[in-house]
Amino acid sequence: MSESVDPSKDYFRAVAACDVHAASDLVLQLLDEGMPMGRIISEILAPAQVRVGQMWESGRWSVADEHVATSITEGALSALTYAGTPRRGAHTRHVAMACAEGEWHSLPARMAAAVAGATGEVRVTMLGPSLPAEQLHRRLSAGDVDVLALSCTMPTNLVGAARCIAAAHDLDIPVMVGGRAFGNGPRRAVAIGADGWAADADALLGVPPELTGRSPVIPPEVLWLHTADEAIVTSAYDQLIDALPRLASMSPYQQARTREDIGWMVRHTAAALLTQDVSIVEDLLTWLCDLLRGRVSASAIATSALLLADTIERQAPAGADILRLASAQVQLGSMELDGRAVD
Ligand code: B12
């Protein structure tokens, strides 16, 4: 195994073959050979998970295939953490790693926790997936945590992340955030009051951030969008069917998925409004275009965003503006890509 030119390929092969032993053996061997845990995670485990996501997104793997693959990597990470973390480090501080309220992607947080814990410099306690802000506050009240590390993968959970940050700030505990929901820079993190943002877990080893973030009061329009009920989705869905009658022949499964996608648009709009970052909705629409390529045109997706904007206009005018902006960008992007108008 150690003679392999590219252990990441061997690792993904083991995952695809559902071979939990081969996957764990491979990472343990790399650790034995002196590869630092951070590199094993960033060069082997994280890229494998990105690939798992691509396999699911492209329809080559089912949801069940994704779950199996993820559980294999969870096993390999557990083995690696057990073997690669000193039992008694000279801890200089205690970091609590939590996932934002609503966030079920706990593996990214576990990876970051493992990287930070491997040096023995900091003690890291992993608080698991989707922790309600009130429960986080209760845990932090014990008074033994120096820094809260908060992980968020889905932009829709940035509202929950803002609540978690406010809970930590209430106890004067600084918050460092990370995960793909924050994008490639500190902008969204600053907007929701975080004291620090980092792309990778090494940042948890440096000097802890000062308590400089300002937890925002979450505007009522954001809260309305974040908790928007089925009636909004139904209204936007009905308008979509009126505008594009051929969609009426969708199977019940496709209809349910379309309604689900409209619901995602509403909650992404809440996050975009909270962070004043329209790219959150643009990215979602672009992702939907990729996901539905060959079945639904980019122009139909842009149209559904416009119809949704009309539906929410009265209660959420700023949200409607964001949807219209993002829709125009996506329409433009798809026309540039195709070199022709669609639909
Ligand atoms: C596994 C998985 C799941 C599992 C998660 C299981 C678990 N225990 O974590 C389950 C099945 C729960 C799941 C559910 C969903 N998922 Co999912 N999931 C994934 C997948 C394939 C891998 C996630 C992972 O393990 N990443 C590990 C590494 C790669 O993550 P990372 O973010 O880069 O983390 C690193 C750094 O960011 C950093 N870091 C992370 N946190 C922190 C924190 C701090 C403080 C610091 C400093 C650093 C740091 O360290 C990490 C290690 O280097 C991703 C694909 C992907 N590209 O990530 C999709 C993906 C994230 N999921 C996706 C989707 C759509 C969903 C669902 C909506 C599906 C559905 N219809 O139900 C739900 C949403 C659930 C929810 N509400 O949270 C999409 C999101 C697309 C989008 N537009 O945002 C993705 C991108 C798949 C895809 N290609 O389309 N998912």
# chains A, B, ... in the order shown; residues from 1 in each chain; ligands from 1
call {"tool": "select_by_dssp", "arguments": {"residues": "region 286-342 of chain A", "states": "helix (DSSP H, G or I)", "output": "PyMOL selection string"}}
result
chain A and resi 286-291+298-312+317-338
call {"tool": "closest_atom_pairs", "arguments": {"of": "region 140-235 of chain A", "to": "region 268-292 of chain A", "cutoff": "7 Å", "atoms": "only C-alpha atoms", "output": "CSV"}}
result
residue,atom,partner,partner_atom,distance
A:Pro155,CA,A:Ala271,CA,6.3
A:Thr156,CA,A:His268,CA,5.2
A:Leu158,CA,A:Ala271,CA,6.0
A:Val159,CA,A:Ala271,CA,6.3
A:Arg188,CA,A:Thr275,CA,5.4
A:Ala191,CA,A:Thr275,CA,5.2
A:Ile192,CA,A:Thr275,CA,6.7
A:Val222,CA,A:Ala270,CA,4.8
A:Leu225,CA,A:Ala270,CA,5.2
A:His226,CA,A:Ala270,CA,5.4
call {"tool": "residues_around", "arguments": {"residues": "Ser151 (chain A)", "least_positions_apart": "4", "cutoff": "12 Å", "atoms": "only C-alpha atoms", "output": "ChimeraX atom specification"}}
result
/A:96-113,126-131,155,157-158,160-162,164-165,175-182,189,194,197-201
call {"tool": "residues_around", "arguments": {"residues": "Asp321 (chain A)", "least_positions_apart": "2", "cutoff": "12 Å", "atoms": "only C-alpha atoms", "output": "list of chain:residue names"}}
result
A:Thr269, A:Ala270, A:Ala272, A:Leu273, A:Gln276, A:Asp277, A:Val278, A:Val281, A:Ala305, A:Leu306, A:Leu307, A:Leu308, A:Ala309, A:Asp310, A:Thr311, A:Ile312, A:Glu313, A:Arg314, A:Ala316, A:Pro317, A:Ala318, A:Gly319, A:Leu323, A:Arg324, A:Leu325, A:Ala326, A:Ser327, A:Ala328
call {"tool": "atom_distance", "arguments": {"atom1": "CA of Trp224 (chain A)", "atom2": "CA of Arg259 (chain A)"}}
result
18.1 Å
call {"tool": "select_by_dssp", "arguments": {"residues": "region 152-299 of chain A", "states": "strand (DSSP E or B)", "output": "list in words"}}
result
Val175, Met176, Val177, Gly178, Gly196 and Trp197 of chain A
call {"tool": "closest_residue", "arguments": {"among": "A:Ile72, A:Ile262, A:Ala23, A:Ala133", "to": "Ala228 (chain A)", "atoms": "only C-alpha atoms"}}
result
A:Ile262
call {"tool": "closest_residue", "arguments": {"among": "A:Thr81, A:Ser24, A:Asn184, A:Thr70", "to": "ligand 1", "atoms": "only C-alpha atoms and all ligand atoms"}}
result
A:Thr70
call {"tool": "closest_residue", "arguments": {"among": "A:Val95, A:Leu244, A:Ile41, A:Ile218", "to": "Leu205 (chain A)", "atoms": "only C-alpha atoms"}}
result
A:Val95
call {"tool": "residues_around", "arguments": {"residues": "region 32-36 of chain A", "least_positions_apart": "2", "cutoff": "12 Å", "atoms": "only C-alpha atoms", "output": "list in words"}}
result
Met1, Ser2, Glu3, Pro7, Asp25, Leu26, Val27, Leu28, Gln29, Leu30, Gly38, Arg39, Ile40, Ile41, Ser42, Glu43, Ile44, Leu80, Thr81, Ala83, Gly84, Thr85, Ala114, Val115, Ala116, Ala118 and Thr119 of chain A
call {"tool": "closest_residue", "arguments": {"among": "A:Asp19, A:Glu134, A:Asp144, A:Asp195", "to": "ligand 1", "atoms": "only C-alpha atoms and all ligand atoms"}}
result
A:Asp195
call {"tool": "closest_residue", "arguments": {"among": "A:Leu148, A:Ala256, A:Val52, A:Leu77", "to": "Arg13 (chain A)", "atoms": "only C-alpha atoms"}}
result
A:Val52
